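*Asks:* Handing you this structure, nothing more for now.
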Amino acid sequence: MIKKELKDLDLTLYEETLSNGLKIYIVPKKGNNIYVTLTAKYGSDILEFKNGNKDIKVVPGIAHFLEHKVFEVKDKIEPFAFYSKNGADCNASTTHEKTTYMFSSTDKLSENLNYLLDFVLDPYFTDENVEKEKGIIKEEITMIADNPFSKLNDTSLYNSFNIHPIKNSIGGKVEDIEKINKEMLYDVYNSFYNPNNMFVVVTGNVDEKEVIEIIKENQKKKKFNKYDTEIKKYEEKDNVFKKEETLYLPVSIPKLSVNIKINIENNTDYPLFLKRCALFHFFQIKFGSTSIFQEKLKKEGLITEDFGLNMVKTDKHFLFMILGESDNIELLKEKILEELKDTYIDDVDIERRNKVLISSAIYMSDSVFGINNKIVNNIIDYNEYIEDIPMIKKLTSKVVKEIISKTNFSNVSTVIVKKEDK
Amino acid sequence: MKYTKYDLGSLNLHTVKTDKFKTVTIKIKFKKEIKKEEITIRNFLSEILLRTTKKYNTERLMNIEKDNLYSINYASSTTISGNYNIMSFDFVYLNSKYTNENIDEDVFDFIHEIFFNPNIENNKFKKDTFKVVKEYMRTIIKSEKESPSAYAMNRLFENMEDKNPISFKADGYIEDLDKIEEKNLFEYYKETLNKDIIDIFIIGDIEPNKIKKLVDEKFHIKTFKKTSKSHYVLDNKIRLIPNIIKEKSKYKQSYLLLGYNLCDLTPFELNYVSYIYSSILGGSGDSKLFNEVREKNSLCYNIFDSFYRINGVMMIYAGISKENYEKAVNIIKKQVKEMEKGIFDEEEITKAKASYISGLKEIEDTPSSILNMYVSKEYLNLELFDERINLINKVTKKDIISLAKKLKLNTIYFLEGEDKNDKKRT
């Protein structure tokens, strides 16, 4: 067991790898809450892969469908019923890069943790339960489709990437969902739901030794296939797939997303974490709530609300998305594109952003959910826990400026949502 | 955890001292008897006060000060709570250990600036911020229809009882917004400081006496207070034959809502039995509604029930497809009837109690939720932690059945989405 003191946060991180490959991360914290997540490094972006000698291709949306079906159990109490009986909550979520199963509780650790490992690692798919799920998933997809912001987001991803599967929405399309069957689910499950491709994160009112003992005992009884899965890599280019698109939806104010695609290599050798922080600083300083640009647009009456800023990442690219609303959406778009051309940022602003970043790391560490999410995201993004505060202290304005000066901001796609004509 | 209440004459200060958190959380609450025509101006006021002040006279300067205070978080909200309208200003900041030793003073200077030095000139709010907020408010009010679920709920409540404040639009009304000007807003601001009932709640690793001193210095007001009307809405009218309202929309999904009146519930029923009832009927991923409507019949993606205790209303909400209307209504009604007949296991009660107690324990880990517990003690005289556990454990099956009989269906509201099949044909 490796012990890491997280001094800036007054917490300790314990790491352990079991003989079957399963990695465990534990951060004990005083209070009542216990939060446990079990993550498979399999998300909606993996559609083509090789398991042993078998080439497998699946439809978009299957990761999310699988997440639903993992909740099927044979000969035992169902997950929702089990956790609700114990006064605990359970849930799951699928993103582009991962699928996470979680529960939160205030007691009965052993029982709850064992059950999580049992239901996720013991699949039970039948033709009947797969068919039944299609109705539910289709409702979910339709519900999300009504939301103009998710439409804006989905279209932005689709138009920014050429061949990378991040183009597809996480839930998939109704016609893809139709094609899913039991065999396809088992193919995916057997290729990725393997201890070598999964990890457990436990945060909260626990004893680290007890947690490891429980998981060890549980895993002893299980048998897994040899992990031999290879994921297809995509030669995604830096240009965007489609530069402009306008959608017509029932919205009261037109909206837009300006999407900037940036190669992760970025011509510098700094660690990925620092590149990411520097770019976030850049967009915050230029377009965030303390920017002169935003103040000017508000004064002119072009916008009334702050811009939103989102980022997604693939193995080769960052995609930064600036979201805005305005009655004069074309003009807003022009102004943002114009502003992007001037990459100067001030040292004072960079220092202030560092202070903010450090503060948010401390805020996050005050909740068992915050720490847990941070660990999960770190493992997915960097394959290790990142001690961010010491790293951020290294992020001088010189470093930020160097990263920015070597970044190409010219690969841009823009999606606009306008009012539907009646 | 140590709670102290200080009566400072013009306001009450409630301090909760604990070293459990790295943050300090403050809630400043202004309470006034609700008037429909004042909802919009109260929303406006709570919004504009946090946008700019005299010293930080642009939003940019305000945000820079926010960053300088180690990324202090602040937000305002106004809620309709029974017969009252409550404006709440919440501040969360890192305590001195993670920032500097003067952080409490710095934060109270900031609070003073917000409430006592607003961005005014010649007894008027200054035009630039005022204009931005007005446009923002207009957007919020107009965009209600973009959230089909919020729209549907509002239509349900309006159709149930338009005098119950729950049917008022929490986002306000365009016609009231049009009447708000820089000058009358300033007058309303002064009136609010002088006449609203004010409570300040604070939790964290703090020195209560120091906070009291800071409040005395930085939050100095002269108020005369008057509590009168009951917080609870007690005079809802009952319908013998339920209302059925159907409306068409251009959303794909359809929304089915059922509104029930809560008739003459005792405080014990309202605050404890109803919790267990709700949990069994539709409050969890293992409830009767979830199992019957979603799992067994695949009729919807989500379904739940919700109690609006202070307003005397219970709602069942389901997102369904148009063609499933009849089927869904019948199954929902059957499940509600079964609650009256006691068709559920004792085990369900045990589960619901476990979940309630576990929820309480989670509250103890969240500073904002702990404060809310003291807020409901102050406003509604609700019990605190241990006492709540005692009372929830007393709930029996008999209690649940007798509560079930006090629920009367008032209105079925259906927001009909587009038929997917029709769309394909065109």
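Lettering and numbering for the structure tokens are positional, with chains as A, B, ... in the shown order, residues counted from 1 in each chain, and ligands counted from 1 in the shown order.
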Taking the DSSP secondary structure from the backbone, can you list the residues of region 270-418 of chain A that are strand (DSSP E or B), as a ChimeraX atom specification?
*Replies:* /A:308-313,317-325,412-418
*Asks:* Would you output that residue set with N, CA and C atoms, as a PDB file, in the first residue's frame?
*Replies:*
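Contents of result_31.pdb, freshly written:
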ATOM      1  N   GLY A 308     -20.372  30.872 -21.050  1.00  0.00           N
ATOM      2  CA  GLY A 308     -20.051  29.583 -20.448  1.00  0.00           C
ATOM      3  C   GLY A 308     -18.764  29.093 -21.082  1.00  0.00           C
ATOM      4  N   LEU A 309     -18.001  28.310 -20.343  1.00  0.00           N
ATOM      5  CA  LEU A 309     -16.765  27.779 -20.907  1.00  0.00           C
ATOM      6  C   LEU A 309     -16.673  26.287 -20.577  1.00  0.00           C
ATOM      7  N   ASN A 310     -16.581  25.466 -21.609  1.00  0.00           N
ATOM      8  CA  ASN A 310     -16.475  24.024 -21.413  1.00  0.00           C
ATOM      9  C   ASN A 310     -15.243  23.491 -22.105  1.00  0.00           C
ATOM     10  N   MET A 311     -14.784  22.326 -21.677  1.00  0.00           N
ATOM     11  CA  MET A 311     -13.649  21.730 -22.357  1.00  0.00           C
ATOM     12  C   MET A 311     -13.852  20.217 -22.409  1.00  0.00           C
ATOM     13  N   VAL A 312     -13.571  19.617 -23.547  1.00  0.00           N
ATOM     14  CA  VAL A 312     -13.500  18.159 -23.617  1.00  0.00           C
ATOM     15  C   VAL A 312     -12.133  17.798 -24.194  1.00  0.00           C
ATOM     16  N   LYS A 313     -11.754  16.562 -23.960  1.00  0.00           N
ATOM     17  CA  LYS A 313     -10.391  16.177 -24.315  1.00  0.00           C
ATOM     18  C   LYS A 313     -10.413  14.786 -24.953  1.00  0.00           C
ATOM     19  N   HIS A 317      -6.492  15.889 -28.767  1.00  0.00           N
ATOM     20  CA  HIS A 317      -6.967  17.280 -28.815  1.00  0.00           C
ATOM     21  C   HIS A 317      -7.695  17.721 -27.557  1.00  0.00           C
ATOM     22  N   PHE A 318      -7.597  19.051 -27.318  1.00  0.00           N
ATOM     23  CA  PHE A 318      -8.530  19.729 -26.414  1.00  0.00           C
ATOM     24  C   PHE A 318      -9.561  20.408 -27.300  1.00  0.00           C
ATOM     25  N   LEU A 319     -10.795  20.460 -26.836  1.00  0.00           N
ATOM     26  CA  LEU A 319     -11.767  21.307 -27.515  1.00  0.00           C
ATOM     27  C   LEU A 319     -12.347  22.259 -26.469  1.00  0.00           C
ATOM     28  N   PHE A 320     -12.029  23.548 -26.616  1.00  0.00           N
ATOM     29  CA  PHE A 320     -12.601  24.556 -25.723  1.00  0.00           C
ATOM     30  C   PHE A 320     -13.844  25.129 -26.368  1.00  0.00           C
ATOM     31  N   MET A 321     -14.920  25.242 -25.588  1.00  0.00           N
ATOM     32  CA  MET A 321     -16.185  25.712 -26.134  1.00  0.00           C
ATOM     33  C   MET A 321     -16.635  26.959 -25.386  1.00  0.00           C
ATOM     34  N   ILE A 322     -16.778  28.061 -26.116  1.00  0.00           N
ATOM     35  CA  ILE A 322     -17.275  29.301 -25.513  1.00  0.00           C
ATOM     36  C   ILE A 322     -18.757  29.406 -25.861  1.00  0.00           C
ATOM     37  N   LEU A 323     -19.595  29.462 -24.833  1.00  0.00           N
ATOM     38  CA  LEU A 323     -21.038  29.481 -25.049  1.00  0.00           C
ATOM     39  C   LEU A 323     -21.614  30.851 -24.722  1.00  0.00           C
ATOM     40  N   GLY A 324     -22.443  31.354 -25.611  1.00  0.00           N
ATOM     41  CA  GLY A 324     -23.025  32.668 -25.364  1.00  0.00           C
ATOM     42  C   GLY A 324     -24.440  32.776 -25.901  1.00  0.00           C
ATOM     43  N   GLU A 325     -25.155  33.798 -25.417  1.00  0.00           N
ATOM     44  CA  GLU A 325     -26.522  34.046 -25.870  1.00  0.00           C
ATOM     45  C   GLU A 325     -26.641  35.514 -26.252  1.00  0.00           C
ATOM     46  N   VAL A 412     -11.329  26.470 -35.737  1.00  0.00           N
ATOM     47  CA  VAL A 412     -12.547  26.848 -35.026  1.00  0.00           C
ATOM     48  C   VAL A 412     -13.790  26.370 -35.770  1.00  0.00           C
ATOM     49  N   SER A 413     -14.751  25.837 -35.018  1.00  0.00           N
ATOM     50  CA  SER A 413     -16.071  25.578 -35.604  1.00  0.00           C
ATOM     51  C   SER A 413     -17.092  26.357 -34.782  1.00  0.00           C
ATOM     52  N   THR A 414     -18.116  26.844 -35.448  1.00  0.00           N
ATOM     53  CA  THR A 414     -19.126  27.633 -34.736  1.00  0.00           C
ATOM     54  C   THR A 414     -20.506  27.046 -34.995  1.00  0.00           C
ATOM     55  N   VAL A 415     -21.254  26.877 -33.928  1.00  0.00           N
ATOM     56  CA  VAL A 415     -22.633  26.405 -34.081  1.00  0.00           C
ATOM     57  C   VAL A 415     -23.564  27.452 -33.480  1.00  0.00           C
ATOM     58  N   ILE A 416     -24.587  27.801 -34.238  1.00  0.00           N
ATOM     59  CA  ILE A 416     -25.553  28.806 -33.784  1.00  0.00           C
ATOM     60  C   ILE A 416     -26.929  28.163 -33.693  1.00  0.00           C
ATOM     61  N   VAL A 417     -27.655  28.511 -32.641  1.00  0.00           N
ATOM     62  CA  VAL A 417     -29.055  28.071 -32.545  1.00  0.00           C
ATOM     63  C   VAL A 417     -29.936  29.306 -32.684  1.00  0.00           C
ATOM     64  N   LYS A 418     -30.779  29.300 -33.707  1.00  0.00           N
ATOM     65  CA  LYS A 418     -31.690  30.432 -33.900  1.00  0.00           C
ATOM     66  C   LYS A 418     -33.126  30.016 -33.617  1.00  0.00           C
TER      67      LYS A 418
END
*Asks:* Return as a ChimeraX atom specification the full set of residues in region 165-366 of chain A whose backbone-based DSSP assignment is alpha helix (DSSP H).
*Replies:* /A:174-179,182-192,208-220,272-287,292-299,329-340,347-364
*Asks:* Which polymer residues have any atom within 12 Å of an atom of Asp106 (chain B), counting only C-alpha atoms, with same-chain residues fewer than 5 positions away left out, as a count of residues only?
*Replies:* 18
*Asks:* As a PyMOL selection string, please: the residues near Ser167 (chain B) (cut-off 10 Å, only C-alpha atoms, same-chain neighbours under 2 positions excluded).
*Replies:* chain B and resi 36+80+153-165+169-170+311
*Asks:* Just the selected residues (C-alpha atoms), exported as an mmCIF file, in the first residue's frame, please.
*Replies:*
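Written output follows (result39.cif):
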data_model
loop_
_atom_site.group_PDB
_atom_site.id
_atom_site.type_symbol
_atom_site.label_atom_id
_atom_site.label_comp_id
_atom_site.auth_asym_id
_atom_site.auth_seq_id
_atom_site.Cartn_x
_atom_site.Cartn_y
_atom_site.Cartn_z
ATOM 1 C CA LYS B 36 -47.864 38.275 -6.137
ATOM 2 C CA ILE B 80 -41.904 31.180 -2.331
ATOM 3 C CA MET B 153 -45.609 22.261 -12.959
ATOM 4 C CA ASN B 154 -46.625 25.882 -12.993
ATOM 5 C CA ARG B 155 -49.655 25.105 -15.143
ATOM 6 C CA LEU B 156 -50.638 22.300 -12.781
ATOM 7 C CA PHE B 157 -50.481 24.555 -9.715
ATOM 8 C CA GLU B 158 -52.350 27.391 -11.456
ATOM 9 C CA ASN B 159 -55.115 25.028 -12.352
ATOM 10 C CA MET B 160 -55.315 23.623 -8.846
ATOM 11 C CA GLU B 161 -55.660 26.884 -6.929
ATOM 12 C CA ASP B 162 -54.582 30.249 -8.230
ATOM 13 C CA LYS B 163 -54.605 31.831 -4.756
ATOM 14 C CA ASN B 164 -52.051 29.396 -3.369
ATOM 15 C CA PRO B 165 -48.648 31.122 -3.671
ATOM 16 C CA LYS B 169 -44.469 32.277 -10.981
ATOM 17 C CA ALA B 170 -41.258 32.205 -9.000
ATOM 18 C CA ASN B 311 -48.128 24.832 0.504
#
*Asks:* So, counting only C-alpha atoms, which residue among A:Asn378, A:Asn205, A:Thr268, A:Ser291 is closest to chain B?
*Replies:* A:Ser291
*Asks:* What are the residues of chain A lining chain B at 8 Å or less? Count only C-alpha atoms, and put the answer as a VMD selection string.
*Replies:* chain A and resid 30 to 33 80 to 81 84 to 88 105 to 106 132 to 133 135 to 137 139 to 140 142 to 143 146 to 147 250 to 253 289 to 292 295 298 to 299 301 304 to 305 352 to 353 355 to 356 359 to 360 362 to 363 366
*Asks:* Pick from B:Val395, B:Val329, B:Leu265, B:Met1: nearest to Thr18 (chain B), with only C-alpha atoms counted?
*Replies:* B:Met1
